[in-house]
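Q: Structure file input37.cif (mmCIF, C-alpha atoms, pLDDT in the B column; chains and numbers go by the auth columns) right here:
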data_run
loop_
_atom_site.group_PDB
_atom_site.id
_atom_site.type_symbol
_atom_site.label_atom_id
_atom_site.label_comp_id
_atom_site.label_asym_id
_atom_site.label_seq_id
_atom_site.Cartn_x
_atom_site.Cartn_y
_atom_site.Cartn_z
_atom_site.B_iso_or_equiv
_atom_site.auth_seq_id
_atom_site.auth_asym_id
ATOM 1 C CA MET A 1 -22.830 10.691 78.392 39.00 1215 A
ATOM 2 C CA PRO A 2 -21.392 14.200 78.268 47.00 1216 A
ATOM 3 C CA ASN A 3 -20.351 14.747 81.915 55.00 1217 A
ATOM 4 C CA ASP A 4 -20.014 11.198 83.165 68.00 1218 A
ATOM 5 C CA THR A 5 -16.752 9.343 83.515 78.00 1219 A
ATOM 6 C CA PRO A 6 -16.483 5.561 83.415 85.00 1220 A
ATOM 7 C CA ASP A 7 -15.918 5.654 87.193 92.00 1221 A
ATOM 8 C CA ASP A 8 -19.179 7.628 87.644 94.00 1222 A
ATOM 9 C CA ASP A 9 -21.009 5.019 85.588 97.00 1223 A
ATOM 10 C CA ILE A 10 -19.507 2.128 87.531 96.00 1224 A
ATOM 11 C CA ARG A 11 -20.457 3.753 90.846 96.00 1225 A
ATOM 12 C CA ALA A 12 -23.995 4.378 89.575 97.00 1226 A
ATOM 13 C CA ILE A 13 -24.352 0.745 88.475 97.00 1227 A
ATOM 14 C CA GLU A 14 -22.921 -0.549 91.772 95.00 1228 A
ATOM 15 C CA ALA A 15 -25.482 1.591 93.606 96.00 1229 A
ATOM 16 C CA LEU A 16 -28.283 0.299 91.365 97.00 1230 A
ATOM 17 C CA ILE A 17 -27.331 -3.338 92.047 96.00 1231 A
ATOM 18 C CA ALA A 18 -27.039 -2.768 95.806 94.00 1232 A
ATOM 19 C CA ARG A 19 -30.412 -0.977 95.741 95.00 1233 A
ATOM 20 C CA GLN A 20 -31.982 -3.926 93.919 95.00 1234 A
ATOM 21 C CA PHE A 21 -30.833 -6.312 96.633 93.00 1235 A
ATOM 22 C CA ALA A 22 -31.941 -3.932 99.398 94.00 1236 A
ATOM 23 C CA ASN A 23 -35.386 -3.475 97.837 96.00 1237 A
ATOM 24 C CA LEU A 24 -36.042 -7.228 98.005 93.00 1238 A
ATOM 25 C CA ASP A 25 -35.584 -7.305 101.773 94.00 1239 A
ATOM 26 C CA TRP A 26 -38.621 -8.095 103.909 94.00 1240 A
ATOM 27 C CA GLN A 27 -39.529 -9.514 107.282 91.00 1241 A
ATOM 28 C CA PRO A 28 -42.683 -9.704 109.384 88.00 1242 A
ATOM 29 C CA GLY A 29 -44.052 -6.188 109.745 89.00 1243 A
ATOM 30 C CA ARG A 30 -41.905 -4.712 106.947 92.00 1244 A
ATOM 31 C CA GLU A 31 -42.573 -5.164 103.242 94.00 1245 A
ATOM 32 C CA ALA A 32 -40.042 -5.131 100.459 96.00 1246 A
ATOM 33 C CA ASP A 33 -39.893 -2.004 98.301 97.00 1247 A
ATOM 34 C CA TRP A 34 -41.613 -3.564 95.296 97.00 1248 A
ATOM 35 C CA GLU A 35 -42.004 -0.270 93.411 97.00 1249 A
ATOM 36 C CA GLY A 36 -38.380 0.678 94.039 97.00 1250 A
ATOM 37 C CA PHE A 37 -37.293 -2.729 92.770 97.00 1251 A
ATOM 38 C CA ALA A 38 -39.345 -2.416 89.573 97.00 1252 A
ATOM 39 C CA ALA A 39 -38.268 1.195 88.921 97.00 1253 A
ATOM 40 C CA ASP A 40 -34.702 0.213 87.979 97.00 1254 A
ATOM 41 C CA PHE A 41 -35.864 -1.915 85.036 98.00 1255 A
ATOM 42 C CA ALA A 42 -36.509 -0.719 81.498 97.00 1256 A
ATOM 43 C CA GLU A 43 -39.938 -1.357 80.048 94.00 1257 A
ATOM 44 C CA ALA A 44 -40.155 -4.920 78.673 95.00 1258 A
ATOM 45 C CA ALA A 45 -37.073 -6.044 80.641 98.00 1259 A
ATOM 46 C CA THR A 46 -36.784 -9.785 81.195 98.00 1260 A
ATOM 47 C CA LEU A 47 -35.658 -11.723 84.230 97.00 1261 A
ATOM 48 C CA TRP A 48 -34.329 -15.252 83.961 97.00 1262 A
ATOM 49 C CA PRO A 49 -34.568 -17.028 87.341 92.00 1263 A
ATOM 50 C CA SER A 50 -32.360 -19.989 88.203 91.00 1264 A
ATOM 51 C CA ALA A 51 -35.161 -22.555 87.810 89.00 1265 A
ATOM 52 C CA ARG A 52 -34.752 -24.888 84.839 89.00 1266 A
ATOM 53 C CA PRO A 53 -35.927 -25.125 82.186 92.00 1267 A
ATOM 54 C CA ALA A 54 -35.089 -21.438 81.810 90.00 1268 A
ATOM 55 C CA GLN A 55 -38.180 -19.300 81.334 93.00 1269 A
ATOM 56 C CA PRO A 56 -38.196 -15.516 81.053 95.00 1270 A
ATOM 57 C CA ARG A 57 -40.326 -13.442 83.390 96.00 1271 A
ATOM 58 C CA GLY A 58 -41.434 -9.867 83.019 97.00 1272 A
ATOM 59 C CA VAL A 59 -40.778 -7.514 85.927 97.00 1273 A
ATOM 60 C CA THR A 60 -44.468 -7.298 86.877 97.00 1274 A
ATOM 61 C CA GLU A 61 -44.799 -11.088 86.832 97.00 1275 A
ATOM 62 C CA PHE A 62 -41.645 -11.529 88.914 96.00 1276 A
ATOM 63 C CA VAL A 63 -42.735 -8.945 91.500 97.00 1277 A
ATOM 64 C CA ARG A 64 -46.195 -10.509 91.727 96.00 1278 A
ATOM 65 C CA ARG A 65 -44.643 -13.945 92.362 94.00 1279 A
ATOM 66 C CA MET A 66 -42.326 -12.573 95.054 94.00 1280 A
ATOM 67 C CA GLN A 67 -45.245 -10.726 96.698 95.00 1281 A
ATOM 68 C CA GLU A 68 -47.198 -13.991 96.791 94.00 1282 A
ATOM 69 C CA LEU A 69 -44.265 -15.732 98.479 91.00 1283 A
ATOM 70 C CA ALA A 70 -43.787 -12.845 100.921 92.00 1284 A
ATOM 71 C CA GLY A 71 -47.466 -12.989 101.845 84.00 1285 A
ATOM 72 C CA SER A 72 -47.541 -16.727 102.372 89.00 1286 A
ATOM 73 C CA ALA A 73 -44.660 -19.191 102.532 88.00 1287 A
ATOM 74 C CA LEU A 74 -41.566 -16.985 102.737 90.00 1288 A
ATOM 75 C CA GLU A 75 -41.591 -15.111 106.061 90.00 1289 A
ATOM 76 C CA SER A 76 -38.387 -13.144 105.486 92.00 1290 A
ATOM 77 C CA PHE A 77 -35.802 -12.613 102.786 93.00 1291 A
ATOM 78 C CA ARG A 78 -32.560 -10.662 102.905 92.00 1292 A
ATOM 79 C CA GLU A 79 -29.989 -10.420 100.135 91.00 1293 A
ATOM 80 C CA GLU A 80 -26.721 -8.542 100.095 89.00 1294 A
ATOM 81 C CA MET A 81 -24.109 -8.005 97.430 90.00 1295 A
ATOM 82 C CA LEU A 82 -20.772 -9.752 97.940 91.00 1296 A
ATOM 83 C CA GLY A 83 -19.015 -8.302 94.924 92.00 1297 A
ATOM 84 C CA ALA A 84 -19.503 -7.114 91.366 93.00 1298 A
ATOM 85 C CA HIS A 85 -17.553 -6.871 88.141 94.00 1299 A
ATOM 86 C CA ILE A 86 -18.865 -4.159 85.810 96.00 1300 A
ATOM 87 C CA ARG A 87 -17.864 -3.276 82.254 96.00 1301 A
ATOM 88 C CA VAL A 88 -19.182 -0.094 80.631 97.00 1302 A
ATOM 89 C CA TYR A 89 -19.174 0.538 76.877 96.00 1303 A
ATOM 90 C CA GLY A 90 -20.730 3.942 76.190 95.00 1304 A
ATOM 91 C CA ASN A 91 -24.438 3.594 76.932 96.00 1305 A
ATOM 92 C CA VAL A 92 -24.410 -0.172 77.516 97.00 1306 A
ATOM 93 C CA ALA A 93 -22.965 -2.129 80.408 97.00 1307 A
ATOM 94 C CA VAL A 94 -22.724 -5.657 81.695 97.00 1308 A
ATOM 95 C CA ALA A 95 -22.353 -6.637 85.317 97.00 1309 A
ATOM 96 C CA LEU A 96 -21.716 -9.887 87.117 95.00 1310 A
ATOM 97 C CA ALA A 97 -22.707 -9.699 90.758 95.00 1311 A
ATOM 98 C CA ALA A 98 -22.468 -12.223 93.559 93.00 1312 A
ATOM 99 C CA ALA A 99 -24.928 -12.077 96.425 92.00 1313 A
ATOM 100 C CA GLU A 100 -25.789 -14.030 99.515 91.00 1314 A
ATOM 101 C CA HIS A 101 -29.312 -14.348 100.795 89.00 1315 A
ATOM 102 C CA ALA A 102 -30.999 -15.710 103.881 89.00 1316 A
ATOM 103 C CA GLU A 103 -34.601 -16.767 103.824 89.00 1317 A
ATOM 104 C CA THR A 104 -37.003 -17.863 106.529 89.00 1318 A
ATOM 105 C CA TRP A 105 -39.875 -20.114 105.525 86.00 1319 A
ATOM 106 C CA HIS A 106 -43.031 -20.194 107.670 81.00 1320 A
ATOM 107 C CA GLY A 107 -42.755 -23.071 110.100 78.00 1321 A
ATOM 108 C CA ALA A 108 -39.231 -23.996 109.042 77.00 1322 A
ATOM 109 C CA GLY A 109 -37.075 -21.179 110.402 66.00 1323 A
ATOM 110 C CA GLU A 110 -34.021 -19.900 108.567 63.00 1324 A
ATOM 111 C CA THR A 111 -32.951 -22.326 105.885 69.00 1325 A
ATOM 112 C CA GLY A 112 -29.398 -21.058 105.794 69.00 1326 A
ATOM 113 C CA ARG A 113 -27.513 -18.816 103.477 79.00 1327 A
ATOM 114 C CA ASN A 114 -27.473 -19.287 99.739 87.00 1328 A
ATOM 115 C CA ARG A 115 -25.235 -17.602 97.202 91.00 1329 A
ATOM 116 C CA VAL A 116 -26.176 -16.570 93.689 92.00 1330 A
ATOM 117 C CA VAL A 117 -24.331 -15.104 90.740 94.00 1331 A
ATOM 118 C CA GLU A 118 -26.318 -12.667 88.620 95.00 1332 A
ATOM 119 C CA ALA A 119 -25.663 -11.452 85.089 97.00 1333 A
ATOM 120 C CA ILE A 120 -27.134 -8.027 84.374 98.00 1334 A
ATOM 121 C CA LEU A 121 -27.390 -6.169 81.069 98.00 1335 A
ATOM 122 C CA LEU A 122 -27.972 -2.418 81.384 98.00 1336 A
ATOM 123 C CA VAL A 123 -28.601 0.541 79.098 98.00 1337 A
ATOM 124 C CA LYS A 124 -28.278 4.226 79.850 97.00 1338 A
ATOM 125 C CA GLU A 125 -31.163 6.478 78.839 94.00 1339 A
ATOM 126 C CA ASP A 126 -31.505 10.144 79.710 94.00 1340 A
ATOM 127 C CA GLY A 127 -28.500 9.880 82.030 94.00 1341 A
ATOM 128 C CA ARG A 128 -29.931 6.948 84.015 96.00 1342 A
ATOM 129 C CA TRP A 129 -28.878 3.295 84.004 98.00 1343 A
ATOM 130 C CA ARG A 130 -31.698 0.745 83.688 98.00 1344 A
ATOM 131 C CA ILE A 131 -31.704 -3.037 83.651 98.00 1345 A
ATOM 132 C CA VAL A 132 -32.913 -4.582 80.375 98.00 1346 A
ATOM 133 C CA ALA A 133 -32.185 -8.221 81.253 98.00 1347 A
ATOM 134 C CA GLN A 134 -31.086 -10.123 84.331 98.00 1348 A
ATOM 135 C CA ALA A 135 -30.337 -13.816 84.820 97.00 1349 A
ATOM 136 C CA TRP A 136 -29.049 -15.664 87.852 95.00 1350 A
ATOM 137 C CA ASP A 137 -28.078 -19.076 89.105 94.00 1351 A
ATOM 138 C CA ASN A 138 -27.410 -20.572 92.494 91.00 1352 A
ATOM 139 C CA ALA A 139 -23.720 -20.801 93.309 87.00 1353 A
ATOM 140 C CA GLY A 140 -24.147 -23.520 95.932 81.00 1354 A
ATOM 141 C CA ASP A 141 -20.813 -24.481 97.436 80.00 1355 A
ATOM 142 C CA SER A 142 -18.897 -23.689 94.248 83.00 1356 A
ATOM 143 C CA PRO A 143 -16.181 -21.073 94.657 84.00 1357 A
ATOM 144 C CA LEU A 144 -17.137 -17.640 93.415 84.00 1358 A
ATOM 145 C CA PRO A 145 -15.028 -16.103 90.654 78.00 1359 A
ATOM 146 C CA GLY A 146 -12.127 -14.158 92.200 75.00 1360 A
ATOM 147 C CA ASP A 147 -13.427 -10.710 91.286 75.00 1361 A
ATOM 148 C CA LEU A 148 -16.844 -11.498 92.840 82.00 1362 A
ATOM 149 C CA ALA A 149 -15.640 -13.090 96.060 76.00 1363 A
ATOM 150 C CA PRO A 150 -15.839 -10.965 99.216 72.00 1364 A
#
Please go through the file and, once you have read it, give me the structure as structure tokens.
A:
Amino acid sequence: MPNDTPDDDIRAIEALIARQFANLDWQPGREADWEGFAADFAEAATLWPSARPAQPRGVTEFVRRMQELAGSALESFREEMLGAHIRVYGNVAVALAAAEHAETWHGAGETGRNRVVEAILLVKEDGRWRIVAQAWDNAGDSPLPGDLAP
């Protein structure tokens, strides 16, 4: 981390999180950027979706599942970051991010907006931040923590 400042790292992580949300954006006639989404993860990273019981997913498995949904039941999906709280400790970082997404299911129209809170563990290798683990849960109508609220 010779030339980076903590502010540089925080900006890089904020950009990574925003890019993750943007990459999972699709609608009829436009696919998500599946490769771009996967590229920000370290090899063997795990994702922990909100479904319970909690079960880890590899990046490839998660992308495959989302591609199946995008090609069948889920006509469109858009997610945007509402806020993030990031702590950097040398070459490791943790981030809590709140996002809101809208989804359109085939035959059902838009089902409304849903909010999630995501916990992200990152490591820095060769000057680049990568996600090693990510877990999220639906926020529902619960208030978001103050530093994550828009």
Q: Using all atoms listed in the file, pick whichever of A:Val1346, A:Met1295, A:Ala1322, A:Leu1362 has the shortest atom-to-atom distance to Ala1307 in chain A.
A: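 For Ala1307 in chain A, the nearest of the given residues is A:Val1346.
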Q: So which one's closest to Ala1253 in chain A, A:Arg1233, A:Arg1329, A:Arg1225, A:Arg1292? Using all atoms listed in the file, please.
A: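 Smallest distance to Ala1253 in chain A is found for A:Arg1233.
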Q: Skipping near chain neighbours, those fewer than 2 positions away, what residues fall within 12 Å of Asp1223 in chain A using only C-alpha atoms, listed as a ChimeraX atom specification?
A: /A:1215-1221,1225-1230,1300-1309,1336-1338,1341-1344
Q: Got a sec: who's within 10 Å of Ala1363 in chain A, counting only C-alpha atoms, leaving out chain neighbours fewer than 5 positions off, as a ChimeraX atom specification?
A: /A:1295-1298,1311-1313,1357-1358
Q: In terms of the shortest atom-to-atom distance over all atoms listed in the file, which of A:Leu1288, A:Leu1283, A:Ala1349, A:Leu1335 is closest to Ala1256 in chain A?
A: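 Comparing A:Leu1288, A:Leu1283, A:Ala1349, A:Leu1335 against Ala1256 in chain A, the winner is A:Leu1335.
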Q: How close does each residue of range 1322-1342 of chain A get to range 1257-1276 of chain A, giving the shortest atom pair and distance in Å to one decimal for every residue with an atom at most 10 Å away, counting only C-alpha atoms, sorted by chain and residue number, as JSON lines?
A:
{"residue": "A:Val1330", "atom": "CA", "partner": "A:Ser1264", "partner_atom": "CA", "distance": 8.9}
{"residue": "A:Val1331", "atom": "CA", "partner": "A:Ser1264", "partner_atom": "CA", "distance": 9.7}
{"residue": "A:Glu1332", "atom": "CA", "partner": "A:Pro1263", "partner_atom": "CA", "distance": 9.4}
{"residue": "A:Ala1333", "atom": "CA", "partner": "A:Trp1262", "partner_atom": "CA", "distance": 9.5}
{"residue": "A:Ile1334", "atom": "CA", "partner": "A:Leu1261", "partner_atom": "CA", "distance": 9.3}
{"residue": "A:Leu1335", "atom": "CA", "partner": "A:Ala1259", "partner_atom": "CA", "distance": 9.7}
{"residue": "A:Leu1336", "atom": "CA", "partner": "A:Ala1259", "partner_atom": "CA", "distance": 9.8}
Q: Could you tell me how far CA of Asp1222 in chain A sits from CA of His1315 in chain A, in Å to one decimal place?
A: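 Calculated distance between CA of His1315 in chain A and CA of Asp1222 in chain A is 27.5 Å.
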Q: Give the answer as one residue: which of A:Asn1237, A:Glu1249, A:Asp1351, A:Pro1242 has the shortest atom-to-atom distance to Leu1310 in chain A, using only C-alpha atoms?
A: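 Ranked by minimum distance to Leu1310 in chain A, first place goes to A:Asp1351.
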Q: Which residue is closest to Glu1294 in chain A? Choose from A:Glu1314, A:Asp1355, A:Asp1254, A:Asp1239 and count only C-alpha atoms.
A: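 Ranking A:Glu1314, A:Asp1355, A:Asp1254, A:Asp1239 by distance to Glu1294 in chain A, first place goes to A:Glu1314.
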Q: So how many Å separate CA of Gln1348 in chain A and CA of Phe1255 in chain A, to one decimal?
A: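 Atom-to-atom, CA of Gln1348 in chain A and CA of Phe1255 in chain A are spaced 9.5 Å apart.
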Q: Just the number, please: distance in Å from CA of Glu1289 in chain A to CA of Ala1232 in chain A, one decimal.
A: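 Rounded to one decimal, the two atoms are 21.7 Å apart.
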Q: Which residue is closest to Arg1279 in chain A? Choose from A:Glu1293, A:Arg1327, A:Ala1353, A:Trp1248 and count all atoms listed in the file.
A: A:Trp1248
